[in-house]
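**Student:** What follows is structure-v8.cif, mmCIF, C-alpha atoms.
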```
data_entry
#
loop_
_atom_site.label_atom_id
_atom_site.label_comp_id
_atom_site.auth_asym_id
_atom_site.auth_seq_id
_atom_site.Cartn_x
_atom_site.Cartn_y
_atom_site.Cartn_z
CA MET E 1 -8.08 37.89 7.22
CA LYS E 2 -7.42 34.84 9.37
CA ALA E 3 -5.02 32.10 8.31
CA LEU E 4 -3.03 29.17 9.69
CA VAL E 5 0.56 30.39 9.81
CA PHE E 6 3.67 28.19 10.17
CA HIS E 7 6.12 29.43 12.81
CA GLY E 8 8.77 26.74 12.64
CA PRO E 9 8.88 23.00 13.47
CA GLY E 10 6.05 22.08 15.80
CA ARG E 11 4.52 25.56 15.85
CA SER E 12 1.60 27.10 13.98
CA ALA E 13 -1.20 29.54 14.79
CA TRP E 14 -4.60 30.61 13.44
CA GLN E 15 -4.09 34.35 13.37
CA ASP E 16 -4.65 37.66 11.65
CA THR E 17 -2.57 38.10 8.53
CA PRO E 18 -2.69 40.62 5.65
CA ASP E 19 -5.30 40.04 2.96
CA PRO E 20 -3.76 38.66 -0.25
CA GLU E 21 -3.41 41.09 -3.14
CA ILE E 22 -2.95 40.77 -6.88
CA ARG E 23 0.81 40.89 -7.47
CA ASP E 24 0.93 39.74 -11.07
CA ALA E 25 -1.48 40.10 -13.98
CA ALA E 26 -1.91 36.31 -14.03
CA ASP E 27 -3.02 36.10 -10.37
CA ALA E 28 -6.46 35.45 -8.94
CA ILE E 29 -7.76 35.90 -5.39
CA VAL E 30 -10.00 33.07 -4.20
CA ARG E 31 -12.29 33.05 -1.17
CA VAL E 32 -11.75 29.64 0.40
CA GLU E 33 -14.89 27.53 0.64
CA ALA E 34 -13.09 24.35 1.69
CA ALA E 35 -9.47 23.43 2.34
CA SER E 36 -7.96 20.16 3.44
CA ILE E 37 -4.96 18.97 5.40
CA CYS E 38 -2.36 16.89 3.56
CA GLY E 39 0.20 14.52 5.00
CA THR E 40 2.78 16.89 3.53
CA ASP E 41 1.48 19.60 5.87
CA LEU E 42 2.29 17.30 8.79
CA HIS E 43 5.78 16.80 7.36
CA ILE E 44 6.20 20.60 7.17
CA LEU E 45 5.15 21.00 10.81
CA LYS E 46 7.61 18.28 11.83
CA GLY E 47 10.42 20.15 10.08
CA ASP E 48 10.83 17.61 7.26
CA VAL E 49 10.51 20.33 4.59
CA PRO E 50 13.09 22.92 5.71
CA ASP E 51 12.61 25.24 2.72
CA VAL E 52 9.20 26.35 4.06
CA PRO E 53 9.99 29.66 5.78
CA PRO E 54 8.35 30.62 9.08
CA GLY E 55 5.51 33.04 8.47
CA THR E 56 4.11 31.02 5.56
CA VAL E 57 0.37 30.30 5.45
CA LEU E 58 0.02 26.52 5.25
CA GLY E 59 -2.01 24.42 2.80
CA HIS E 60 -2.11 23.65 -0.90
CA GLU E 61 -5.59 22.16 -1.43
CA ALA E 62 -8.78 24.21 -1.74
CA VAL E 63 -12.12 24.89 -3.37
CA GLY E 64 -13.48 28.39 -3.45
CA GLU E 65 -14.93 31.37 -5.27
CA VAL E 66 -12.92 33.78 -7.40
CA VAL E 67 -13.28 37.30 -6.01
CA GLU E 68 -10.63 39.17 -8.04
CA THR E 69 -8.44 38.53 -11.09
CA GLY E 70 -5.42 40.13 -12.67
CA SER E 71 -5.68 41.81 -16.05
CA ALA E 72 -4.17 38.82 -17.92
CA VAL E 73 -6.56 36.18 -16.54
CA ARG E 74 -8.98 34.91 -19.17
CA GLY E 75 -10.19 31.51 -17.98
CA VAL E 76 -12.04 32.53 -14.81
CA ARG E 77 -13.75 35.64 -13.51
CA PRO E 78 -15.12 36.89 -10.19
CA GLY E 79 -18.01 34.77 -8.99
CA ASP E 80 -16.72 31.53 -10.55
CA ARG E 81 -16.50 28.49 -8.30
CA VAL E 82 -13.13 26.78 -8.73
CA LEU E 83 -10.84 23.98 -7.65
CA VAL E 84 -7.41 25.28 -6.63
CA SER E 85 -4.72 22.89 -7.85
CA CYS E 86 -1.84 22.07 -5.51
CA ILE E 87 0.48 22.75 -8.44
CA SER E 88 0.83 26.15 -10.08
CA ALA E 89 1.96 26.16 -13.72
CA CYS E 90 3.40 29.04 -15.72
CA GLY E 91 2.33 27.27 -18.92
CA SER E 92 5.30 28.35 -21.00
CA CYS E 93 8.51 26.80 -19.64
CA ARG E 94 9.94 23.57 -21.05
CA PHE E 95 8.37 21.38 -18.37
CA CYS E 96 4.94 23.00 -18.59
CA ARG E 97 4.98 22.47 -22.37
CA GLU E 98 5.52 18.77 -21.59
CA ALA E 99 2.64 18.84 -19.04
CA ALA E 100 5.20 18.21 -16.28
CA TYR E 101 3.77 21.10 -14.28
CA GLY E 102 5.25 19.94 -11.00
CA GLN E 103 8.71 20.73 -12.39
CA CYS E 104 7.77 24.23 -13.63
CA THR E 105 10.79 26.52 -13.87
CA GLY E 106 8.78 29.65 -14.62
CA GLY E 107 7.83 30.40 -11.03
CA GLY E 108 5.32 27.60 -10.52
CA GLY E 109 5.41 23.99 -9.33
CA TRP E 110 4.52 23.25 -5.73
CA ILE E 111 4.54 26.77 -4.32
CA LEU E 112 1.26 27.15 -2.37
CA GLY E 113 1.94 26.58 1.31
CA HIS E 114 5.58 25.97 0.41
CA THR E 115 7.29 29.06 -0.96
CA VAL E 116 4.22 31.34 -1.05
CA ASP E 117 1.19 31.61 1.24
CA GLY E 118 -1.20 28.71 0.95
CA THR E 119 -4.84 27.78 1.16
CA GLN E 120 -5.61 27.21 4.85
CA ALA E 121 -6.92 30.74 5.09
CA GLU E 122 -10.03 32.76 4.40
CA TYR E 123 -8.53 33.97 1.10
CA VAL E 124 -5.63 32.83 -1.07
CA ARG E 125 -3.70 34.37 -3.94
CA VAL E 126 -3.36 31.84 -6.77
CA PRO E 127 -0.55 32.54 -9.26
CA PHE E 128 -0.99 31.54 -12.91
CA ALA E 129 -4.73 31.35 -12.41
CA ASP E 130 -5.61 30.22 -15.94
CA MET E 131 -3.42 27.13 -15.55
CA SER E 132 -3.98 26.52 -11.84
CA LEU E 133 -7.75 26.87 -11.35
CA HIS E 134 -10.41 24.47 -12.60
CA PRO E 135 -14.04 25.66 -12.89
CA LEU E 136 -16.43 23.61 -10.75
CA PRO E 137 -20.15 23.08 -11.29
CA GLU E 138 -22.38 23.81 -8.32
CA SER E 139 -23.47 20.16 -8.28
CA VAL E 140 -20.06 19.02 -6.98
CA ASP E 141 -19.74 18.99 -3.20
CA SER E 142 -16.75 20.99 -1.93
CA ARG E 143 -15.73 18.23 0.46
CA GLU E 144 -15.33 15.86 -2.46
CA ALA E 145 -13.92 18.30 -4.98
CA VAL E 146 -11.08 19.35 -2.69
CA LEU E 147 -9.68 15.82 -2.93
CA LEU E 148 -8.87 16.55 -6.57
CA ALA E 149 -6.55 19.37 -5.60
CA ASP E 150 -3.84 16.86 -4.66
CA VAL E 151 -4.88 13.48 -3.25
CA PHE E 152 -6.36 11.82 -6.32
CA PRO E 153 -3.98 13.31 -8.93
CA THR E 154 -0.98 12.34 -6.77
CA ALA E 155 -2.15 8.77 -6.26
CA TYR E 156 -3.12 8.35 -9.90
CA GLU E 157 -0.12 10.01 -11.54
CA VAL E 158 2.78 9.28 -9.17
CA GLY E 159 1.48 5.90 -8.04
CA VAL E 160 -0.72 4.19 -10.63
CA LEU E 161 0.53 5.71 -13.88
CA ALA E 162 4.20 5.92 -12.90
CA GLY E 163 3.95 2.38 -11.52
CA ARG E 164 2.54 1.26 -14.88
CA VAL E 165 -0.33 -0.77 -13.47
CA ARG E 166 -1.61 -3.13 -16.17
CA PRO E 167 -4.45 -5.66 -16.54
CA GLY E 168 -3.71 -8.82 -14.62
CA ASP E 169 -1.12 -7.25 -12.32
CA THR E 170 -0.70 -7.85 -8.63
CA VAL E 171 -0.52 -4.40 -7.04
CA ALA E 172 0.58 -3.76 -3.47
CA VAL E 173 -0.16 -0.37 -1.89
CA VAL E 174 1.86 0.25 1.26
CA GLY E 175 0.22 2.94 3.35
CA CYS E 176 -3.55 3.45 3.41
CA GLY E 177 -3.77 7.10 4.22
CA PRO E 178 -5.75 9.28 1.81
CA VAL E 179 -3.21 9.01 -1.03
CA GLY E 180 -2.79 5.27 -0.59
CA LEU E 181 -6.55 4.78 -0.57
CA ALA E 182 -6.86 6.90 -3.70
CA ALA E 183 -4.23 4.65 -5.29
CA VAL E 184 -6.34 1.60 -4.37
CA ALA E 185 -9.36 3.25 -6.02
CA THR E 186 -7.65 4.44 -9.21
CA ALA E 187 -5.54 1.31 -9.75
CA GLN E 188 -8.81 -0.49 -10.45
CA LEU E 189 -9.21 1.57 -13.62
CA PHE E 190 -6.56 -0.71 -15.18
CA SER E 191 -8.11 -4.06 -14.15
CA PRO E 192 -5.32 -5.59 -12.04
CA SER E 193 -5.90 -9.15 -10.89
CA ARG E 194 -5.55 -8.17 -7.24
CA ILE E 195 -4.73 -5.24 -5.02
CA VAL E 196 -3.07 -5.83 -1.66
CA ALA E 197 -3.39 -2.98 0.85
CA VAL E 198 -0.84 -2.69 3.67
CA ASP E 199 -1.06 -0.54 6.79
CA VAL E 200 -0.67 -0.69 10.56
CA ALA E 201 -4.13 0.72 11.34
CA SER E 202 -7.13 -1.59 11.14
CA ALA E 203 -9.50 1.30 10.34
CA ARG E 204 -7.48 2.22 7.28
CA LEU E 205 -7.29 -1.40 6.15
CA ASP E 206 -11.07 -1.61 6.48
CA ALA E 207 -11.35 1.52 4.33
CA ALA E 208 -9.08 -0.07 1.73
CA LYS E 209 -11.36 -3.09 1.59
CA ARG E 210 -14.39 -0.86 1.08
CA LEU E 211 -12.60 0.90 -1.78
CA GLY E 212 -11.84 -2.35 -3.56
CA ALA E 213 -8.68 -3.91 -2.12
CA ASP E 214 -8.76 -7.68 -2.60
CA ALA E 215 -6.52 -8.45 0.36
CA ILE E 216 -5.22 -6.55 3.37
CA ALA E 217 -2.20 -7.04 5.58
CA THR E 218 -0.23 -5.40 8.35
CA ALA E 219 3.36 -4.47 7.61
CA GLY E 220 4.60 -7.62 9.32
CA GLU E 221 2.32 -9.84 7.24
CA ALA E 222 2.70 -8.17 3.87
CA GLU E 223 5.80 -9.87 2.45
CA GLN E 224 4.53 -13.36 3.14
CA LEU E 225 1.05 -12.59 1.84
CA VAL E 226 2.37 -11.16 -1.43
CA ALA E 227 4.68 -14.14 -1.81
CA ASP E 228 1.82 -16.56 -1.21
CA LEU E 229 -0.45 -14.78 -3.71
CA THR E 230 2.20 -14.67 -6.45
CA GLY E 231 3.86 -18.05 -6.04
CA GLY E 232 6.91 -16.39 -4.54
CA LEU E 233 7.38 -14.05 -7.52
CA GLY E 234 6.46 -10.74 -5.90
CA ALA E 235 4.11 -7.92 -6.84
CA ASP E 236 4.18 -6.47 -10.35
CA VAL E 237 3.69 -2.96 -8.94
CA VAL E 238 4.37 -1.71 -5.43
CA ILE E 239 3.26 1.79 -4.44
CA GLU E 240 4.95 3.37 -1.41
CA ALA E 241 2.55 5.87 0.16
CA VAL E 242 4.04 6.48 3.60
CA GLY E 243 7.43 8.16 3.33
CA LEU E 244 9.48 6.19 5.87
CA PRO E 245 12.74 4.26 5.34
CA ALA E 246 11.19 1.05 6.67
CA THR E 247 8.21 1.17 4.31
CA PHE E 248 10.40 1.99 1.30
CA GLU E 249 12.63 -0.99 2.05
CA LEU E 250 9.56 -3.20 2.54
CA CYS E 251 8.33 -2.15 -0.91
CA ALA E 252 11.71 -2.96 -2.47
CA ARG E 253 11.57 -6.45 -1.00
CA MET E 254 8.06 -7.13 -2.27
CA VAL E 255 8.43 -6.14 -5.94
CA ARG E 256 9.06 -8.89 -8.47
CA PRO E 257 12.05 -8.99 -10.86
CA GLY E 258 11.22 -6.65 -13.72
CA GLY E 259 8.55 -4.94 -11.63
CA HIS E 260 7.87 -1.31 -10.80
CA LEU E 261 8.23 0.49 -7.47
CA ALA E 262 6.46 3.86 -7.41
CA ASN E 263 7.40 6.06 -4.47
CA VAL E 264 4.65 8.53 -3.56
CA GLY E 265 5.47 9.14 0.10
CA VAL E 266 7.24 12.32 1.25
CA HIS E 267 10.53 11.29 2.83
CA GLY E 268 12.08 13.40 5.55
CA SER E 269 15.12 11.17 6.09
CA PRO E 270 17.31 8.92 3.93
CA ALA E 271 16.21 5.41 2.99
CA THR E 272 18.66 2.68 2.10
CA LEU E 273 18.57 1.45 -1.48
CA HIS E 274 19.90 -2.10 -1.19
CA LEU E 275 21.62 -2.31 -4.55
CA GLU E 276 23.55 -5.34 -3.34
CA ASP E 277 20.22 -7.18 -3.62
CA LEU E 278 18.47 -5.15 -6.32
CA TRP E 279 21.11 -4.51 -8.98
CA SER E 280 20.32 -7.71 -10.90
CA ARG E 281 16.51 -7.62 -10.65
CA ASN E 282 15.63 -5.30 -13.56
CA LEU E 283 13.54 -3.06 -11.33
CA THR E 284 12.12 0.32 -12.28
CA LEU E 285 12.02 2.84 -9.43
CA ARG E 286 9.89 5.92 -10.01
CA THR E 287 9.76 8.99 -7.82
CA GLY E 288 7.94 12.19 -8.53
CA LEU E 289 6.00 15.26 -7.62
CA VAL E 290 2.46 15.35 -8.94
CA ASP E 291 1.89 17.35 -12.15
CA THR E 292 -1.94 17.50 -11.86
CA SER E 293 -2.21 16.98 -15.63
CA SER E 294 -4.84 14.34 -14.86
CA THR E 295 -7.10 16.72 -12.91
CA PRO E 296 -9.54 17.43 -15.79
CA THR E 297 -10.02 13.69 -16.35
CA LEU E 298 -10.53 12.98 -12.65
CA LEU E 299 -12.91 15.91 -12.37
CA ARG E 300 -15.08 14.49 -15.16
CA MET E 301 -15.16 11.20 -13.29
CA LEU E 302 -16.16 12.97 -10.09
CA ILE E 303 -18.97 14.81 -11.85
CA ASP E 304 -20.14 11.49 -13.34
CA ARG E 305 -20.03 9.88 -9.85
CA THR E 306 -17.48 7.26 -10.89
CA LEU E 307 -14.73 8.43 -8.51
CA PRO E 308 -15.29 7.38 -4.87
CA ALA E 309 -14.13 10.63 -3.27
CA SER E 310 -16.76 11.04 -0.56
CA SER E 311 -15.73 7.90 1.33
CA LEU E 312 -12.29 9.39 2.09
CA VAL E 313 -13.61 12.36 4.07
CA THR E 314 -14.07 11.35 7.70
CA HIS E 315 -13.87 14.67 9.58
CA THR E 316 -14.88 18.25 8.88
CA PHE E 317 -14.03 21.36 10.89
CA GLU E 318 -14.45 25.09 10.47
CA LEU E 319 -11.34 26.89 9.22
CA GLY E 320 -10.90 28.49 12.61
CA GLN E 321 -10.65 25.02 14.18
CA ALA E 322 -7.46 24.24 12.26
CA ALA E 323 -5.44 23.38 15.37
CA GLU E 324 -8.01 20.79 16.44
CA ALA E 325 -8.22 19.44 12.91
CA TYR E 326 -4.44 18.99 12.73
CA ASP E 327 -4.48 17.15 16.04
CA VAL E 328 -7.17 14.76 14.81
CA PHE E 329 -5.39 14.17 11.50
CA GLY E 330 -2.00 13.76 13.15
CA ARG E 331 -3.40 11.05 15.47
CA ALA E 332 -5.11 9.12 12.69
CA ALA E 333 -4.34 5.75 14.25
CA ASP E 334 -6.38 6.76 17.29
CA THR E 335 -9.05 8.94 15.67
CA GLY E 336 -9.67 6.93 12.50
CA ALA E 337 -9.14 10.07 10.42
CA LEU E 338 -8.66 9.67 6.70
CA LYS E 339 -9.17 13.04 5.03
CA VAL E 340 -9.86 16.10 7.18
CA VAL E 341 -11.58 19.04 5.52
CA LEU E 342 -11.72 22.63 6.78
CA LEU E 343 -14.85 24.54 5.78
CA GLY E 344 -14.90 28.29 5.32
CA GLU E 345 -17.81 30.64 5.79
CA PRO E 346 -20.50 30.33 3.11
CA PRO E 347 -21.00 33.35 0.84
CA HIS E 348 -23.59 35.78 2.14
CA ASP E 349 -26.06 34.93 -0.62
CA ALA E 350 -25.98 31.30 0.56
CA LEU E 351 -26.99 32.12 4.13
CA SER E 352 -30.49 31.17 5.16
CA VAL E 353 -32.61 33.82 6.82
CA ARG E 354 -35.03 32.85 9.56
CA THR E 355 -37.85 35.15 10.50
CA VAL E 356 -39.46 35.17 13.91
#
```
Turn the structure described in the file into structure tokens.

**Tutor:**
Amino acid sequence: MKALVFHGPGRSAWQDTPDPEIRDAADAIVRVEAASICGTDLHILKGDVPDVPPGTVLGHEAVGEVVETGSAVRGVRPGDRVLVSCISACGSCRFCREAAYGQCTGGGGWILGHTVDGTQAEYVRVPFADMSLHPLPESVDSREAVLLADVFPTAYEVGVLAGRVRPGDTVAVVGCGPVGLAAVATAQLFSPSRIVAVDVASARLDAAKRLGADAIATAGEAEQLVADLTGGLGADVVIEAVGLPATFELCARMVRPGGHLANVGVHGSPATLHLEDLWSRNLTLRTGLVDTSSTPTLLRMLIDRTLPASSLVTHTFELGQAAEAYDVFGRAADTGALKVVLLGEPPHDALSVRTV
């Protein structure tokens, strides 16, 4: 098969690679119908995630069709259309029993495109298939469904739920990439008084407004705007969705005493925690890797058309155009890219036949 293979910082290639095979009775092989590029993939290519070994197929988000299952798989069968979760869960370790699947100690957690081959390929082996695949109805568009592999669960769980957004809150979301925009969308489920979206790109701020942000600001304007809106108190919840020291420190300055700072961004370098200023402010700082325990709930919302997933997808490419897709996504400030989706070949029975 063909796949996008990581060859070290700054280097990747769309190339021939061995077809995945069933290695464990709980595995499934999925033909990739759609995959997407995550900001974490950009961090991997930059060298920010050094435990990804060269030779690894990139990607951890996909929708596809099951083509083979191990003997222990009961929840799906060949021919089923599925969402591939970014988190694999053994289902039996302590953390999985607490629905903290991202911390799985039984061989799961974030492994796709990290410690095992990932989803930016024609086929992918999915470990722990019963826990890591979600059946999809045909009515759900692949380009929308793939956003539930990572983007929406991450924003909702690590940002909105961990940040404890409550009715009447002032919420600031710093970073309006796909995850930040999903945080803007899902924070509204808890009826905050206002959501302030912060970014450096006007296109992303415009997208935040369309998704329901009440106010927008550049990074240089954000502190003063939040102060003005809250009478100098600060935001009840601040969600960091960038992963840079400067944005983390900005978030820490904007949160009110007794407030919550939820860090969602993937950090590749240290950020200063100014305890000389923060020690007395009763703050709660939450970090985390997504568990995807919310995926069934979000999927029901998507099926019911109450989750605005389609507005996040701005660019689509064929799988074989992965290099071009990465370039467009990596230059989002210039290209206006939000979520970039890679589309695989349709199954043969979906091809149209034209007679002459």

**Student:** Please identify all polymer residues within 12 Å of Leu181 of chain E, counting only C-alpha atoms, omitting same-chain residues fewer than 2 positions from it, and present them as a ChimeraX atom specification.

**Tutor:** /E:147,151-152,154-156,159-160,172-179,183-188,195-199,203-213,239-242,307-313,338-339

**Student:** Restricting the calculation to only C-alpha atoms: of E:Glu122, E:Glu144, E:Glu157, E:Glu61, which residue gets closest to Thr292 of chain E?

**Tutor:**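 Among E:Glu122, E:Glu144, E:Glu157, E:Glu61, it is E:Glu157 that comes nearest to Thr292 of chain E.
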
**Student:** Tell me which protein, DNA and RNA residues are within 10 Å of Ser293 of chain E, counting only C-alpha atoms, leaving out same-chain ones fewer than 4 positions away, and put them as a VMD selection string.

**Tutor:** chain E and resid 87 96 98 to 102 153 157 297 to 298

**Student:** Have a look at E:Ser92, E:Ser71, E:Thr170, E:Thr56 and name the one nearest to Val116 of chain E; count only C-alpha atoms.

**Tutor:** E:Thr56

**Student:** So which one's closest to Phe6 of chain E, E:Leu244, E:Val52, E:Ala25, E:Leu342? Using all atoms listed in the file, please.

**Tutor:**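 Among the listed residues, E:Val52 lies closest to Phe6 of chain E.
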
**Student:** Smallest atom-to-atom distance to Phe128 of chain E: which of E:Val238, E:Ala35, E:Ala28, E:Leu343, using only C-alpha atoms?

**Tutor:** E:Ala28

**Student:** So which one's closest to Arg23 of chain E, E:Arg125, E:Thr119, E:Gly10, E:Gly106? Using all atoms listed in the file, please.

**Tutor:**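 Smallest distance to Arg23 of chain E is found for E:Arg125.
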
**Student:** Can you list, as a list in words, every protein, DNA or RNA residue that comes within 7 Å of Ala337 of chain E when you count all atoms listed in the file, leaving out same-chain residues fewer than 6 positions away?

**Tutor:** Thr314, His315, Val328 and Phe329 of chain E

**Student:** What is the atom CA of Leu58 of chain E to atom CA of Gln15 of chain E distance in Å?

**Tutor:**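 Rounded to one decimal, the two atoms are 12.0 Å apart.
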
**Student:** Mind listing as a PyMOL selection string all residues within 10 Å of (-5.5, -10.9, -7.4), counting all atoms listed in the file?

**Tutor:** chain E and resi 168-171+191-196+213-215+226+229-230
